[in-house]
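Trainee: Next comes model.csv, CSV, C-alpha atoms and all ligand atoms:
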chain,number,residue,atom,x,y,z
A,183,MET,CA,0.0,0.0,0.0
A,184,PRO,CA,1.4,3.5,-0.8
A,185,VAL,CA,2.4,5.6,2.1
A,186,SER,CA,0.1,8.6,2.5
A,187,PRO,CA,1.9,12.0,2.2
A,188,TYR,CA,-0.7,13.5,4.6
A,189,ARG,CA,-1.0,13.6,8.4
A,190,ILE,CA,-3.8,14.8,10.6
A,191,GLU,CA,-2.5,16.3,13.9
A,192,PRO,CA,-3.7,18.7,16.6
A,193,LEU,CA,-3.5,22.4,15.5
A,194,GLN,CA,-0.2,23.9,16.8
A,195,LYS,CA,1.4,27.3,16.6
A,196,GLN,CA,3.8,26.2,13.7
A,197,HIS,CA,0.9,25.4,11.4
A,198,GLU,CA,0.5,28.0,8.6
A,199,ARG,CA,-3.2,29.1,8.4
A,200,GLY,CA,-2.9,32.3,6.4
A,201,THR,CA,-3.3,30.8,2.9
A,202,PHE,CA,-6.1,28.3,3.8
A,203,ALA,CA,-9.1,28.9,1.4
A,204,SER,CA,-12.0,26.4,1.6
A,205,GLY,CA,-14.5,28.6,-0.4
A,206,SER,CA,-16.3,29.5,2.9
A,207,GLU,CA,-15.0,32.7,4.4
A,208,PRO,CA,-16.5,32.0,7.9
A,209,LEU,CA,-14.7,28.6,8.0
A,210,ASP,CA,-11.4,30.2,6.8
A,211,ARG,CA,-11.7,33.1,9.3
A,212,TYR,CA,-12.4,30.6,12.1
A,213,LEU,CA,-9.2,28.8,11.3
A,214,ARG,CA,-7.1,32.0,11.1
A,215,GLN,CA,-8.6,33.9,14.0
A,216,GLN,CA,-10.4,31.6,16.5
A,217,ALA,CA,-9.2,28.0,16.3
A,218,ARG,CA,-6.0,28.5,18.4
A,219,GLN,CA,-7.9,30.4,21.1
A,220,ASP,CA,-10.6,27.7,21.2
A,221,ALA,CA,-8.0,25.1,21.6
A,222,GLU,CA,-6.2,27.0,24.5
A,223,LYS,CA,-9.5,27.5,26.3
A,224,HIS,CA,-10.6,23.9,25.8
A,225,VAL,CA,-13.7,25.0,23.9
A,226,ALA,CA,-12.9,23.0,20.8
A,227,ALA,CA,-10.2,20.6,19.7
A,228,PRO,CA,-9.0,21.6,16.1
A,229,PHE,CA,-7.1,19.0,14.0
A,230,VAL,CA,-5.4,19.9,10.8
A,231,LEU,CA,-4.5,18.0,7.6
A,232,VAL,CA,-0.9,18.7,6.5
A,233,ALA,CA,1.6,17.2,4.1
A,234,PRO,CA,4.9,17.0,6.1
A,235,PRO,CA,7.4,18.5,6.2
A,236,ALA,CA,5.2,21.5,5.0
A,237,HIS,CA,3.3,23.2,7.8
A,238,GLU,CA,0.6,24.7,5.5
A,239,VAL,CA,-2.9,23.7,6.6
A,240,LEU,CA,-4.8,21.8,3.8
A,241,GLY,CA,-7.9,20.9,5.8
A,242,TYR,CA,-9.2,20.9,9.4
A,243,TYR,CA,-12.0,19.9,11.7
A,244,THR,CA,-13.0,20.6,15.3
A,245,LEU,CA,-14.4,18.3,18.0
A,246,SER,CA,-16.2,19.3,21.2
A,247,ALA,CA,-18.3,17.7,23.9
A,248,SER,CA,-21.9,18.6,23.6
A,249,THR,CA,-25.5,17.5,24.3
A,250,VAL,CA,-28.7,17.1,22.4
A,251,ALA,CA,-32.2,17.0,23.9
A,252,ALA,CA,-33.7,13.6,23.7
A,253,ASP,CA,-36.8,14.9,22.0
A,254,GLU,CA,-34.6,16.2,19.1
A,255,LEU,CA,-33.8,12.6,18.2
A,256,PRO,CA,-36.0,10.6,15.8
A,257,ALA,CA,-38.7,8.9,17.9
A,258,GLU,CA,-37.5,5.4,16.7
A,259,LEU,CA,-34.1,5.9,18.2
A,260,ALA,CA,-35.3,7.9,21.3
A,261,LYS,CA,-37.6,5.1,22.5
A,262,LYS,CA,-34.6,2.6,22.6
A,263,LEU,CA,-32.6,4.9,24.9
A,264,PRO,CA,-32.9,5.5,28.7
A,265,ARG,CA,-35.2,8.4,29.5
A,266,TYR,CA,-32.7,11.2,30.1
A,267,ARG,CA,-33.7,14.7,28.9
A,268,GLN,CA,-30.2,15.5,27.6
A,269,LEU,CA,-27.9,13.0,25.9
A,270,PRO,CA,-24.1,13.3,25.5
A,271,VAL,CA,-22.8,13.7,21.9
A,272,THR,CA,-19.6,14.7,20.2
A,273,LEU,CA,-19.9,17.8,18.1
A,274,LEU,CA,-18.0,17.9,14.8
A,275,GLY,CA,-18.3,21.7,14.8
A,276,ARG,CA,-16.5,22.5,11.6
A,277,LEU,CA,-14.8,20.5,8.8
A,278,ALA,CA,-13.3,22.1,5.7
A,279,LEU,CA,-10.8,21.3,3.0
A,280,ASP,CA,-8.7,23.8,0.9
A,281,ARG,CA,-10.4,24.2,-2.5
A,282,THR,CA,-7.3,23.1,-4.3
A,283,MET,CA,-7.5,19.7,-2.6
A,284,ARG,CA,-11.1,18.8,-3.3
A,285,GLY,CA,-12.4,15.7,-5.1
A,286,GLN,CA,-9.6,13.3,-4.1
A,287,GLY,CA,-11.1,11.7,-1.1
A,288,LEU,CA,-9.5,14.0,1.4
A,289,GLY,CA,-12.8,15.3,2.8
A,290,GLU,CA,-13.8,11.7,3.5
A,291,HIS,CA,-10.3,11.1,5.0
A,292,LEU,CA,-10.9,14.1,7.4
A,293,LEU,CA,-14.4,12.9,8.3
A,294,LEU,CA,-13.3,9.3,9.0
A,295,ASN,CA,-10.4,10.5,11.1
A,296,ALA,CA,-12.9,12.7,13.1
A,297,LEU,CA,-15.3,9.8,13.5
A,298,HIS,CA,-12.5,7.4,14.6
A,299,ARG,CA,-11.2,10.0,17.1
A,300,ALA,CA,-14.8,10.5,18.5
A,301,ALA,CA,-15.3,6.7,18.8
A,302,VAL,CA,-12.0,6.2,20.6
A,303,ALA,CA,-12.8,9.0,23.1
A,304,ALA,CA,-16.4,7.7,23.6
A,305,ALA,CA,-15.0,4.4,24.9
A,306,GLU,CA,-13.8,6.4,28.0
A,307,ILE,CA,-16.2,9.4,28.1
A,308,ALA,CA,-19.6,8.3,26.7
A,309,SER,CA,-21.1,9.9,23.7
A,310,MET,CA,-24.0,8.4,21.9
A,311,ALA,CA,-23.6,10.1,18.5
A,312,VAL,CA,-21.5,12.5,16.4
A,313,VAL,CA,-23.5,15.6,15.6
A,314,VAL,CA,-22.7,18.2,12.8
A,315,ASP,CA,-24.1,21.6,11.9
A,316,ALA,CA,-24.0,21.7,8.2
A,317,LYS,CA,-23.7,25.2,6.8
A,318,ASP,CA,-25.5,24.8,3.6
A,319,GLU,CA,-27.3,22.3,1.2
A,320,ALA,CA,-24.0,21.0,-0.2
A,321,ALA,CA,-22.7,20.3,3.3
A,322,ILE,CA,-26.0,18.5,4.2
A,323,ALA,CA,-25.6,16.4,1.1
A,324,PHE,CA,-22.0,15.6,2.0
A,325,TYR,CA,-23.0,14.3,5.4
A,326,ARG,CA,-26.0,12.5,4.1
A,327,HIS,CA,-23.7,10.7,1.7
A,328,PHE,CA,-22.0,9.2,4.9
A,329,ASP,CA,-25.4,8.2,6.4
A,330,PHE,CA,-25.8,11.1,8.8
A,331,MET,CA,-29.5,11.7,9.6
A,332,PRO,CA,-31.2,15.0,10.4
A,333,LEU,CA,-32.3,15.8,13.9
A,334,GLN,CA,-36.0,16.5,14.3
A,335,ALA,CA,-37.0,20.1,13.3
A,336,GLN,CA,-33.4,21.0,12.4
A,337,PRO,CA,-32.6,19.7,9.0
A,338,ALA,CA,-29.1,21.3,9.0
A,339,ARG,CA,-28.2,19.5,12.3
A,340,LEU,CA,-27.3,15.9,11.5
A,341,PHE,CA,-26.1,13.0,13.6
A,342,LEU,CA,-24.6,9.6,13.2
A,343,ALA,CA,-25.2,7.1,16.1
A,344,MET,CA,-22.0,6.1,17.9
A,345,GLY,CA,-23.0,2.5,17.5
A,346,THR,CA,-22.8,3.0,13.7
A,347,VAL,CA,-19.5,4.8,14.0
A,348,THR,CA,-17.8,2.1,16.1
A,349,LYS,CA,-19.1,-0.6,13.7
A,350,LEU,CA,-17.2,1.2,10.9
A,351,PHE,CA,-13.9,0.7,12.7
A,352,GLY,CA,-14.3,-2.7,14.3
A,353,GLN,CA,-11.8,-3.1,17.2
A,354,LEU,CA,-10.8,0.2,18.7
A,355,PRO,CA,-8.6,2.1,19.3
A,401,LIG,C1,-17.4,19.1,2.0
A,401,LIG,C2,-15.9,18.9,1.6
A,401,LIG,C3,-15.1,18.7,2.9
A,401,LIG,C4,-15.8,17.6,0.7
A,401,LIG,O1,-14.4,17.4,0.5
A,401,LIG,P1,-13.9,16.6,-0.9
A,401,LIG,O2,-12.5,16.2,-0.6
A,401,LIG,O3,-14.2,17.3,-2.1
A,401,LIG,O4,-14.8,15.2,-0.9
A,401,LIG,P2,-14.2,13.8,-1.1
A,401,LIG,O5,-13.4,13.8,-2.4
A,401,LIG,O6,-13.6,13.2,0.1
A,401,LIG,O7,-15.6,13.0,-1.3
A,401,LIG,C5,-15.9,11.8,-0.7
A,401,LIG,C6,-17.2,11.3,-1.1
A,401,LIG,O8,-18.2,12.3,-0.7
A,401,LIG,C7,-18.9,12.7,-1.9
A,401,LIG,N1,-19.2,14.2,-1.8
A,401,LIG,C8,-18.3,15.2,-1.7
A,401,LIG,N2,-18.9,16.3,-1.5
A,401,LIG,C9,-20.2,16.1,-1.6
A,401,LIG,C10,-21.4,16.9,-1.5
A,401,LIG,N3,-21.3,18.2,-1.3
A,401,LIG,N4,-22.6,16.2,-1.5
A,401,LIG,C11,-22.7,14.9,-1.7
A,401,LIG,N5,-21.6,14.1,-1.8
A,401,LIG,C12,-20.4,14.7,-1.7
A,401,LIG,C13,-18.0,12.4,-3.1
A,401,LIG,O9,-18.8,12.2,-4.3
A,401,LIG,C14,-17.3,11.1,-2.6
A,401,LIG,O10,-18.2,10.0,-2.8
A,401,LIG,P3,-17.7,8.6,-3.4
A,401,LIG,O11,-16.6,8.2,-2.5
A,401,LIG,O12,-18.9,7.7,-3.2
A,401,LIG,O13,-17.3,8.9,-4.8
A,401,LIG,C15,-15.3,20.1,0.8
A,401,LIG,O14,-16.0,20.3,-0.3
A,401,LIG,C16,-15.3,21.4,1.6
A,401,LIG,O15,-14.4,21.7,2.4
A,401,LIG,N6,-16.3,22.3,1.4
A,401,LIG,C17,-16.4,23.6,2.0
A,401,LIG,C18,-16.7,23.5,3.5
A,401,LIG,C19,-17.9,22.7,3.9
A,401,LIG,O16,-18.9,22.7,3.2
A,401,LIG,N7,-17.8,21.9,5.0
A,401,LIG,C20,-18.8,21.0,5.4
A,401,LIG,C21,-19.1,21.2,6.8
A,401,LIG,S1,-19.8,22.8,7.3
Reformat the file's structure so that it appears as structure tokens.
Ligand SMILES: CC(C)(COP(=O)(O)OP(=O)(O)OC[C@H]1O[C@@H](n2cnc3c(N)ncnc32)[C@H](O)[C@@H]1OP(=O)(O)O)[C@@H](O)C(=O)NCCC(=O)NCCS
Mentor:
Amino acid sequence: MPVSPYRIEPLQKQHERGTFASGSEPLDRYLRQQARQDAEKHVAAPFVLVAPPAHEVLGYYTLSASTVAADELPAELAKKLPRYRQLPVTLLGRLALDRTMRGQGLGEHLLLNALHRAAVAAAEIASMAVVVDAKDEAAIAFYRHFDFMPLQAQPARLFLAMGTVTKLFGQLP
């Protein structure tokens, strides 16, 4: 198997963020101006895609602990769960790839890496799903392609049950 030239690692000071252009200004601005602060304050954990030895960021995603209200989940799923009002989830807050890198499977690579990381963490700090806030129709379609389902009443907020995520990877970590 060929060795991947890419690595996904926690965002650090040495990563160059200035040239990152995903086609979404809010996602680019977040990476440039907010991501490091969020990491320092433990509000979000940003991970970046790089091609070592270069430090230029080619893509990124963020993960945070979050909750959803049980009544936001589809009734079919909610009725199988204990009757807690709030349920723990992992929020995939943002995910973006530089425009120049699109269409080669790297968006999928970022997503699978985020799901794997969420599943490993959930083995020790429970989380019953990965939730994403899709910013537009194209993003909704991207997540639907990977079997994410909309939460009730919020079509741009989608989730993938952690049971489904862990099955994707078999034995963890
Ligand atoms: C969404 C994004 C990460 C996709 O990255 P990408 O590298 O172009 O996608 P990939 O090449 O990894 O595609 C993987 C699979 O997803 C599919 N796919 C990609 N974008 C899709 C979309 N918008 N809708 C439906 N399917 C999509 C591809 O067809 C491919 O399917 P296949 O493996 O069955 O052929 C990228 O377009 C991006 O960064 N967009 C701007 C930011 C954004 O919208 N982020 C989403 C969260 S807010």
Trainee: Check which residues fall inside 7 Å of ligand LIG 401 (chain A) when counting only C-alpha atoms and all ligand atoms, and print them as a ChimeraX atom specification.
Mentor: /A:204-206,276-281,283-291,315-318,320-321,323-324,327
Trainee: When you draw a straight line from CA of Phe229 in chain A to CA of Gly241 in chain A, how long is it in Å?
Mentor: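 Calculated distance between CA of Phe229 in chain A and CA of Gly241 in chain A is 8.5 Å.
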Trainee: Quick one: pull the distance between CA of Asp220 in chain A and CA of Leu245 in chain A, Å, one decimal.
Mentor: 10.6 Å
Trainee: Which residues come within 12 Å of Gln336 in chain A, counting only C-alpha atoms, excluding same-chain residues fewer than 2 positions away, as a compact mmCIF listing (two decimals) with C-alpha atoms, in the frame of the given file?
Mentor:
# COMPACT_ATOMS: atom_id res chain seq x y z
CA VAL A 250 -28.70 17.10 22.40
CA ASP A 253 -36.80 14.90 22.00
CA GLU A 254 -34.60 16.20 19.10
CA LEU A 255 -33.80 12.60 18.20
CA PRO A 256 -36.00 10.60 15.80
CA VAL A 313 -23.50 15.60 15.60
CA VAL A 314 -22.70 18.20 12.80
CA ASP A 315 -24.10 21.60 11.90
CA ALA A 316 -24.00 21.70 8.20
CA LYS A 317 -23.70 25.20 6.80
CA ILE A 322 -26.00 18.50 4.20
CA MET A 331 -29.50 11.70 9.60
CA PRO A 332 -31.20 15.00 10.40
CA LEU A 333 -32.30 15.80 13.90
CA GLN A 334 -36.00 16.50 14.30
CA ALA A 338 -29.10 21.30 9.00
CA ARG A 339 -28.20 19.50 12.30
CA LEU A 340 -27.30 15.90 11.50
CA PHE A 341 -26.10 13.00 13.60
Trainee: Quick one, how far is CA of Glu191 in chain A from CA of Leu231 in chain A?
Mentor: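 Atom-to-atom, CA of Glu191 in chain A to CA of Leu231 in chain A, that is 6.8 Å.
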Trainee: Residues within 10 Å of Glu238 in chain A, please, as number ranges by chain. Count all atoms listed in the file; anything in the same chain fewer than 5 positions from it doesn't count.
Mentor: A: 196-202, 230-233
Trainee: May I have a table of the residues of range 302-322 of chain A lying at most 12 Å from range 342-353 of chain A, giving each one's closest pair of atoms and their distance in Å to one decimal, counting all atoms listed in the file, ordered by chain and ascending residue number, as CSV?
Mentor:
residue,atom,partner,partner_atom,distance
A:Val302,CA,A:Thr348,CA,8.4
A:Ala303,CA,A:Met344,CA,11.0
A:Ala304,CA,A:Met344,CA,8.1
A:Ala305,CA,A:Thr348,CA,9.5
A:Ala308,CA,A:Met344,CA,9.4
A:Ser309,CA,A:Met344,CA,7.0
A:Met310,CA,A:Met344,CA,5.0
A:Ala311,CA,A:Ala343,CA,4.2
A:Val312,CA,A:Leu342,CA,5.3
A:Val313,CA,A:Leu342,CA,6.6
A:Val314,CA,A:Leu342,CA,8.8
Trainee: Between A:Tyr266, A:Tyr188, A:Phe328, A:Tyr242, which one has atoms that come closest to Asp210 in chain A, using only C-alpha atoms?
Mentor: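 Checking each candidate against Asp210 in chain A, we get A:Tyr242 as the closest.
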Trainee: I'd like the neighbourhood of Glu222 in chain A as an mmCIF file with C-alpha atoms, in the coordinates of the input, where a residue qualifies if any of its atoms comes within 12 Å (using only C-alpha atoms), though same-chain residues fewer than 6 positions away should be ignored.
Mentor:
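Okay, this is what ended up in out-v8.cif:
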data_model
loop_
_atom_site.group_PDB
_atom_site.id
_atom_site.type_symbol
_atom_site.label_atom_id
_atom_site.label_comp_id
_atom_site.auth_asym_id
_atom_site.auth_seq_id
_atom_site.Cartn_x
_atom_site.Cartn_y
_atom_site.Cartn_z
ATOM 1 C CA PRO A 192 -3.700 18.700 16.600
ATOM 2 C CA LEU A 193 -3.500 22.400 15.500
ATOM 3 C CA GLN A 194 -0.200 23.900 16.800
ATOM 4 C CA LYS A 195 1.400 27.300 16.600
ATOM 5 C CA GLN A 216 -10.400 31.600 16.500
ATOM 6 C CA PRO A 228 -9.000 21.600 16.100
#
Trainee: Name the closest residue to Leu292 in chain A among the candidates A:Thr244, A:Gln215, A:Pro187, A:Leu354; distances are taken between atoms, counting all atoms listed in the file.
Mentor: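 Smallest separation from Leu292 in chain A among the options: A:Thr244.
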Trainee: Check the smallest atom-to-atom distance from each of A:Ala203, A:Ala300, A:Leu263, A:Val185 to Ala247 in chain A using only C-alpha atoms, then report the winner.
Mentor: A:Ala300
Trainee: So, counting all atoms listed in the file, which residue among A:Arg265, A:Ala221, A:Tyr243, A:Thr272 is closest to Leu293 in chain A?
Mentor: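 So, comparing all the options, the nearest one is A:Tyr243.
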Trainee: Rank A:Ala301, A:Leu294, A:Val225, A:Ala257 by their smallest atom-to-atom distance to Val271 in chain A, using only C-alpha atoms, and report the top residue only.
Mentor: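 With only C-alpha atoms as the atom set, the closest residue is A:Ala301.
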